[in-house]
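Below: model-v4.pdb (PDB, C-alpha atoms)
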```pdb
ATOM      1  CA  MET A 169      41.721  47.359 -27.548
ATOM      2  CA  ALA A 170      38.202  47.849 -28.927
ATOM      3  CA  VAL A 171      36.789  44.745 -30.550
ATOM      4  CA  SER A 172      33.779  44.814 -32.824
ATOM      5  CA  SER A 173      30.933  42.462 -31.945
ATOM      6  CA  GLU A 174      29.533  42.562 -35.482
ATOM      7  CA  PRO A 175      29.082  39.082 -36.962
ATOM      8  CA  LEU A 176      31.356  38.121 -39.810
ATOM      9  CA  VAL A 177      29.400  36.510 -42.665
ATOM     10  CA  ILE A 178      31.142  35.493 -45.891
ATOM     11  CA  ASN A 179      29.393  34.623 -49.177
ATOM     12  CA  ASN A 180      26.047  34.084 -47.395
ATOM     13  CA  GLN A 181      27.722  31.505 -45.167
ATOM     14  CA  SER A 182      28.476  31.979 -41.510
ATOM     15  CA  VAL A 183      32.131  31.532 -40.697
ATOM     16  CA  LEU A 184      31.314  28.204 -39.028
ATOM     17  CA  GLN A 185      29.776  27.029 -42.309
ATOM     18  CA  LYS A 186      32.827  28.302 -44.196
ATOM     19  CA  HIS A 187      35.088  26.492 -41.737
ATOM     20  CA  ALA A 188      33.183  23.230 -42.269
ATOM     21  CA  SER A 189      32.992  23.746 -46.043
ATOM     22  CA  PHE A 190      36.694  22.991 -46.376
ATOM     23  CA  PHE A 191      35.821  19.335 -45.870
ATOM     24  CA  ASP A 192      33.064  19.419 -48.513
ATOM     25  CA  ARG A 193      35.460  18.369 -51.225
ATOM     26  CA  ASN A 194      32.841  18.211 -54.018
ATOM     27  CA  LYS A 195      31.057  21.405 -52.841
ATOM     28  CA  ASP A 196      27.560  19.894 -52.701
ATOM     29  CA  GLY A 197      26.764  21.148 -49.178
ATOM     30  CA  VAL A 198      27.167  17.709 -47.615
ATOM     31  CA  ILE A 199      30.299  16.230 -46.049
ATOM     32  CA  TYR A 200      30.686  12.459 -46.199
ATOM     33  CA  PRO A 201      33.328  10.527 -44.221
ATOM     34  CA  TRP A 202      35.552  10.062 -47.275
ATOM     35  CA  GLU A 203      35.523  13.844 -47.776
ATOM     36  CA  THR A 204      36.480  14.391 -44.129
ATOM     37  CA  PHE A 205      39.308  11.900 -44.661
ATOM     38  CA  GLN A 206      40.470  13.702 -47.827
ATOM     39  CA  GLY A 207      40.342  17.078 -46.041
ATOM     40  CA  CYS A 208      42.405  15.756 -43.141
ATOM     41  CA  ARG A 209      44.964  14.316 -45.531
ATOM     42  CA  ALA A 210      45.109  17.658 -47.389
ATOM     43  CA  LEU A 211      46.060  19.242 -44.060
ATOM     44  CA  GLY A 212      48.922  16.803 -43.639
ATOM     45  CA  LEU A 213      47.413  14.484 -41.059
ATOM     46  CA  GLY A 214      48.411  10.821 -41.303
ATOM     47  CA  ILE A 215      46.221   8.049 -42.643
ATOM     48  CA  GLY A 216      45.358   6.710 -39.163
ATOM     49  CA  ILE A 217      44.369  10.063 -37.652
ATOM     50  CA  SER A 218      42.500  11.012 -40.831
ATOM     51  CA  THR A 219      40.557   7.752 -40.701
ATOM     52  CA  LEU A 220      39.690   8.206 -37.021
ATOM     53  CA  ALA A 221      38.698  11.810 -37.619
ATOM     54  CA  ALA A 222      36.455  10.851 -40.534
ATOM     55  CA  VAL A 223      34.694   8.175 -38.511
ATOM     56  CA  PHE A 224      34.257  10.151 -35.289
ATOM     57  CA  ILE A 225      33.473  13.526 -36.843
ATOM     58  CA  ASN A 226      30.850  12.162 -39.191
ATOM     59  CA  LEU A 227      29.345   9.811 -36.590
ATOM     60  CA  GLY A 228      29.188  12.658 -34.097
ATOM     61  CA  LEU A 229      27.842  15.375 -36.359
ATOM     62  CA  SER A 230      25.620  13.603 -38.874
ATOM     63  CA  GLY A 231      22.577  13.074 -36.668
ATOM     64  CA  LYS A 232      22.838  16.580 -35.228
ATOM     65  CA  THR A 233      22.944  18.264 -38.651
ATOM     66  CA  ARG A 234      20.125  16.114 -40.071
ATOM     67  CA  PRO A 235      17.370  16.615 -37.473
ATOM     68  CA  GLY A 236      14.138  14.761 -38.144
ATOM     69  CA  LYS A 237      15.639  12.632 -40.888
ATOM     70  CA  TYR A 238      16.149   8.906 -40.836
ATOM     71  CA  LEU A 239      19.544   7.485 -39.989
ATOM     72  CA  ASN A 240      21.792   7.493 -43.033
ATOM     73  CA  LEU A 241      24.536   4.878 -42.826
ATOM     74  CA  LEU A 242      26.781   7.096 -44.968
ATOM     75  CA  PHE A 243      26.768   9.581 -42.045
ATOM     76  CA  PRO A 244      26.539  12.813 -44.052
ATOM     77  CA  VAL A 245      27.037  16.159 -42.322
ATOM     78  CA  GLU A 246      24.837  18.943 -43.705
ATOM     79  CA  ILE A 247      26.747  22.212 -43.723
ATOM     80  CA  GLN A 248      23.634  24.389 -43.664
ATOM     81  CA  ASN A 249      22.778  22.917 -40.238
ATOM     82  CA  ILE A 250      26.296  22.812 -38.792
ATOM     83  CA  THR A 251      25.367  25.135 -35.901
ATOM     84  CA  LYS A 252      23.120  22.381 -34.545
ATOM     85  CA  ALA A 253      26.292  20.368 -33.909
ATOM     86  CA  LYS A 254      28.002  22.940 -31.696
ATOM     87  CA  ARG A 255      29.311  21.350 -28.506
ATOM     88  CA  LYS A 256      27.945  22.461 -25.148
ATOM     89  CA  GLY A 257      31.475  23.151 -23.992
ATOM     90  CA  ASP A 258      32.869  25.092 -26.941
ATOM     91  CA  THR A 259      34.780  28.372 -26.602
ATOM     92  CA  GLY A 260      31.834  30.568 -27.570
ATOM     93  CA  VAL A 261      33.785  32.081 -30.466
ATOM     94  CA  TYR A 262      30.944  30.980 -32.734
ATOM     95  CA  ASP A 263      27.579  32.380 -31.692
ATOM     96  CA  ALA A 264      24.290  30.461 -32.009
ATOM     97  CA  GLU A 265      24.118  31.292 -35.734
ATOM     98  CA  GLY A 266      27.717  30.296 -36.410
ATOM     99  CA  ASN A 267      29.058  33.817 -36.665
ATOM    100  CA  PHE A 268      32.505  34.765 -35.361
ATOM    101  CA  ASP A 269      32.437  36.679 -32.059
ATOM    102  CA  PRO A 270      35.631  38.775 -31.880
ATOM    103  CA  ALA A 271      35.164  39.541 -28.185
ATOM    104  CA  LYS A 272      34.996  35.844 -27.284
ATOM    105  CA  PHE A 273      38.060  35.243 -29.439
ATOM    106  CA  GLU A 274      40.023  37.913 -27.557
ATOM    107  CA  GLU A 275      38.819  36.421 -24.282
ATOM    108  CA  ILE A 276      40.655  33.181 -25.117
ATOM    109  CA  PHE A 277      43.963  35.037 -25.110
ATOM    110  CA  LEU A 278      43.157  37.168 -22.079
ATOM    111  CA  LYS A 279      42.254  34.133 -19.973
ATOM    112  CA  HIS A 280      44.450  31.348 -21.340
ATOM    113  CA  SER A 281      47.573  32.739 -23.006
ATOM    114  CA  GLN A 282      50.635  33.668 -20.972
ATOM    115  CA  SER A 283      52.106  35.566 -23.918
ATOM    116  CA  GLY A 284      48.841  37.154 -25.021
ATOM    117  CA  ASN A 285      49.619  36.454 -28.685
ATOM    118  CA  ALA A 286      49.968  32.675 -28.935
ATOM    119  CA  LEU A 287      48.884  29.444 -27.279
ATOM    120  CA  THR A 288      50.890  26.434 -26.193
ATOM    121  CA  LEU A 289      49.328  22.987 -26.477
ATOM    122  CA  ASP A 290      48.621  22.998 -22.726
ATOM    123  CA  GLU A 291      46.932  26.400 -23.014
ATOM    124  CA  MET A 292      44.815  25.130 -25.926
ATOM    125  CA  LEU A 293      43.805  22.045 -23.960
ATOM    126  CA  GLY A 294      43.048  24.332 -21.016
ATOM    127  CA  LEU A 295      40.152  25.698 -23.047
ATOM    128  CA  LEU A 296      38.435  22.360 -22.382
ATOM    129  CA  LYS A 297      38.957  22.105 -18.609
ATOM    130  CA  PRO A 298      36.139  24.381 -17.445
ATOM    131  CA  LYS A 299      33.739  22.498 -19.703
ATOM    132  CA  THR A 300      34.186  18.989 -18.260
ATOM    133  CA  SER A 301      31.431  19.557 -15.707
ATOM    134  CA  LEU A 302      28.906  19.543 -18.549
ATOM    135  CA  LYS A 303      29.109  15.717 -18.768
ATOM    136  CA  ASP A 304      29.541  15.930 -22.541
ATOM    137  CA  TYR A 305      32.304  13.346 -22.712
ATOM    138  CA  PRO A 306      32.111  12.707 -26.478
ATOM    139  CA  GLY A 307      32.259  16.481 -27.008
ATOM    140  CA  TYR A 308      35.144  16.822 -24.578
ATOM    141  CA  TYR A 309      37.211  14.086 -26.229
ATOM    142  CA  GLY A 310      36.308  15.373 -29.680
ATOM    143  CA  GLY A 311      37.496  18.824 -28.617
ATOM    144  CA  TRP A 312      40.653  17.354 -27.132
ATOM    145  CA  LEU A 313      41.460  15.520 -30.375
ATOM    146  CA  GLY A 314      40.603  18.628 -32.395
ATOM    147  CA  TRP A 315      42.897  20.922 -30.383
ATOM    148  CA  LYS A 316      45.725  18.352 -30.459
ATOM    149  CA  SER A 317      45.380  17.979 -34.243
ATOM    150  CA  LEU A 318      45.186  21.734 -34.790
ATOM    151  CA  HIS A 319      48.306  22.243 -32.694
ATOM    152  CA  ALA A 320      50.166  19.528 -34.617
ATOM    153  CA  VAL A 321      49.302  21.116 -37.972
ATOM    154  CA  CYS A 322      49.655  24.801 -37.032
ATOM    155  CA  LYS A 323      52.350  25.177 -34.405
ATOM    156  CA  ASP A 324      55.363  27.305 -35.195
ATOM    157  CA  LYS A 325      58.990  26.320 -34.569
ATOM    158  CA  ASN A 326      58.544  27.215 -30.876
ATOM    159  CA  GLY A 327      55.509  24.951 -30.486
ATOM    160  CA  LEU A 328      53.063  27.859 -30.362
ATOM    161  CA  VAL A 329      49.883  28.510 -32.300
ATOM    162  CA  GLN A 330      49.917  32.210 -33.076
ATOM    163  CA  LYS A 331      46.838  34.380 -32.508
ATOM    164  CA  GLU A 332      46.348  35.188 -36.190
ATOM    165  CA  THR A 333      46.650  31.508 -37.087
ATOM    166  CA  LEU A 334      43.886  30.673 -34.624
ATOM    167  CA  ARG A 335      41.783  33.559 -35.963
ATOM    168  CA  ALA A 336      42.170  32.151 -39.496
ATOM    169  CA  PHE A 337      41.118  28.742 -38.146
ATOM    170  CA  TYR A 338      37.915  30.196 -36.709
ATOM    171  CA  THR A 339      37.102  32.414 -39.676
ATOM    172  CA  GLY A 340      37.548  29.618 -42.187
ATOM    173  CA  GLY A 341      40.619  30.554 -44.207
ATOM    174  CA  LEU A 342      43.313  28.543 -42.466
ATOM    175  CA  PHE A 343      42.647  25.089 -43.871
ATOM    176  CA  LYS A 344      42.628  26.260 -47.490
ATOM    177  CA  LYS A 345      45.887  28.132 -46.892
ATOM    178  CA  ILE A 346      47.542  25.035 -45.381
ATOM    179  CA  GLU A 347      46.354  22.888 -48.279
ATOM    180  CA  GLN A 348      47.707  25.389 -50.833
ATOM    181  CA  GLU A 349      51.068  25.652 -49.055
ATOM    182  CA  ARG A 350      51.398  21.844 -48.939
ATOM    183  CA  ALA A 351      50.515  21.594 -52.650
ATOM    184  CA  ALA A 352      53.091  24.269 -53.534
ATOM    185  CA  ARG A 353      55.839  22.332 -51.697
ATOM    186  CA  LYS A 354      55.171  19.160 -53.707
TER
END
```
Would you encode the structure as structure tokens?
Amino acid sequence: MAVSSEPLVINNQSVLQKHASFFDRNKDGVIYPWETFQGCRALGLGIGISTLAAVFINLGLSGKTRPGKYLNLLFPVEIQNITKAKRKGDTGVYDAEGNFDPAKFEEIFLKHSQSGNALTLDEMLGLLKPKTSLKDYPGYYGGWLGWKSLHAVCKDKNGLVQKETLRAFYTGGLFKKIEQERAARK
């Protein structure tokens, strides 16, 4: 299967910026912990997990996305600089500019998926194993929590995260879709 290596850019935002923008609830280009919390709740995560996510995500990303600026105790995450917060041990699906790399995405399924079209929780967590030698323990545990949360929100009735669901996660459309589906059910 031929896969294009052309970057996907949407509305002058890289897909990584679009992905992060879901949590920018007031659309000002900055994500504060209460917005991260609200975004997590909109995805159906519980109050405890949403609180932990808000604290750890904003603590972990704020300083990286605000280089050269003084510490801000509100721990804002600046979307325009979100690529500066990429973990050393990520999957490589986002390039250095935050663009989606289709070849790296396909590689996930070639190397980690038994079915080729979906991932189990163990297969998702397996994406982290080769990266532990990088000694980025906060990044590793953040990735672990992220994959566990994504699996909890997106798994199908067989406990699998389908390939197109994961693609929508990476390209930035999945969270909005989940939020809309949850709102329609209420």
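The result of the PyMOL selection byres ((chain A and resi 190) around 8) on the shown file is A:Lys186, A:His187, A:Ala188, A:Ser189, A:Phe191, A:Asp192, A:Arg193, A:Gly207, A:Gly340, A:Phe343, A:Lys344.
The two atoms in question, atom CA of A:Trp202 and atom CA of A:Leu220, are spaced 11.2 Å apart.
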Inset, instruction - Evaluate the PyMOL selection byres ((chain A and resi 277-287) around 7) here and jot the selected residues down as an NGL selection string. - result: :A and (274-276 or 288-289 or 291-292 or 328-331)
Legend entry - Exercise: A:Gly197 partners within 9 Å, all atoms listed in the file, chain neighbours under 3 positions left out, as a PyMOL selection string: chain A and resi 189+192+194+245-248
Inset, instruction - Can you work out which one of A:Cys322, A:Leu211, A:Gly307, A:Pro270 has the shortest atom-to-atom distance to A:Leu229, counting only C-alpha atoms? - result: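 Closest to A:Leu229, using only C-alpha atoms: A:Gly307.
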Inset, instruction - Work out how far apart atom CA of A:Arg255 and atom CA of A:Gly212 are and give it in Å to one decimal. - result: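 Interatomic distance here is 25.2 Å.
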Legend entry - Å distance separating atom CA of A:Tyr305 from atom CA of A:Thr259, one decimal place: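 Those two atoms sit 15.7 Å apart.
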Legend entry - Test item: the PyMOL selection byres ((chain A and resi 293) around 12) resolved as a ChimeraX atom specification: /A:258-259,276,280-281,287-292,294-300,308-319
Residues within 10 Å of A:Gly266, please, as an mmCIF file with C-alpha atoms, keeping the file's coordinate frame. Count all atoms listed in the file; anything in the same chain fewer than 6 positions from it doesn't count.
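So the final result, stored in result07.cif, reads:
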```
data_model
loop_
_atom_site.group_PDB
_atom_site.id
_atom_site.type_symbol
_atom_site.label_atom_id
_atom_site.label_comp_id
_atom_site.auth_asym_id
_atom_site.auth_seq_id
_atom_site.Cartn_x
_atom_site.Cartn_y
_atom_site.Cartn_z
ATOM 1 C CA PRO A 175 29.082 39.082 -36.962
ATOM 2 C CA LEU A 176 31.356 38.121 -39.810
ATOM 3 C CA VAL A 177 29.400 36.510 -42.665
ATOM 4 C CA GLN A 181 27.722 31.505 -45.167
ATOM 5 C CA SER A 182 28.476 31.979 -41.510
ATOM 6 C CA VAL A 183 32.131 31.532 -40.697
ATOM 7 C CA LEU A 184 31.314 28.204 -39.028
ATOM 8 C CA GLN A 185 29.776 27.029 -42.309
ATOM 9 C CA LYS A 186 32.827 28.302 -44.196
ATOM 10 C CA HIS A 187 35.088 26.492 -41.737
ATOM 11 C CA ASN A 249 22.778 22.917 -40.238
ATOM 12 C CA ILE A 250 26.296 22.812 -38.792
ATOM 13 C CA THR A 251 25.367 25.135 -35.901
ATOM 14 C CA LYS A 252 23.120 22.381 -34.545
ATOM 15 C CA LYS A 254 28.002 22.940 -31.696
ATOM 16 C CA GLY A 260 31.834 30.568 -27.570
#
```
Given 6 Å on each side, where is the centre and what are the edge lengths in Å to one decimal of the axis-aligned box enclosing the listed atoms of stretch 182-201 of chain A, as lines of an AutoDock Vina configuration file?
```
center_x = 31.7
center_y = 21.3
center_z = -46.5
size_x = 21.9
size_y = 33.5
size_z = 27.0
```
Inset, instruction - Compare A:Glu349, A:Tyr338, A:Cys208, A:Asp196 by their minimum atom-to-atom distance to A:Lys272, counting only C-alpha atoms, and give me the closest one. - result: A:Tyr338
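Distances to A:Leu342 were evaluated for A:Asn226, A:Lys354, A:Val321, A:Val198 using all atoms listed in the file, and the minimum falls at A:Val321.
With all atoms listed in the file as the atoms that count, the residue of A:Pro235, A:Asn326, A:Asn180, A:Glu332 with the shortest distance to A:Asn267 is A:Asn180.
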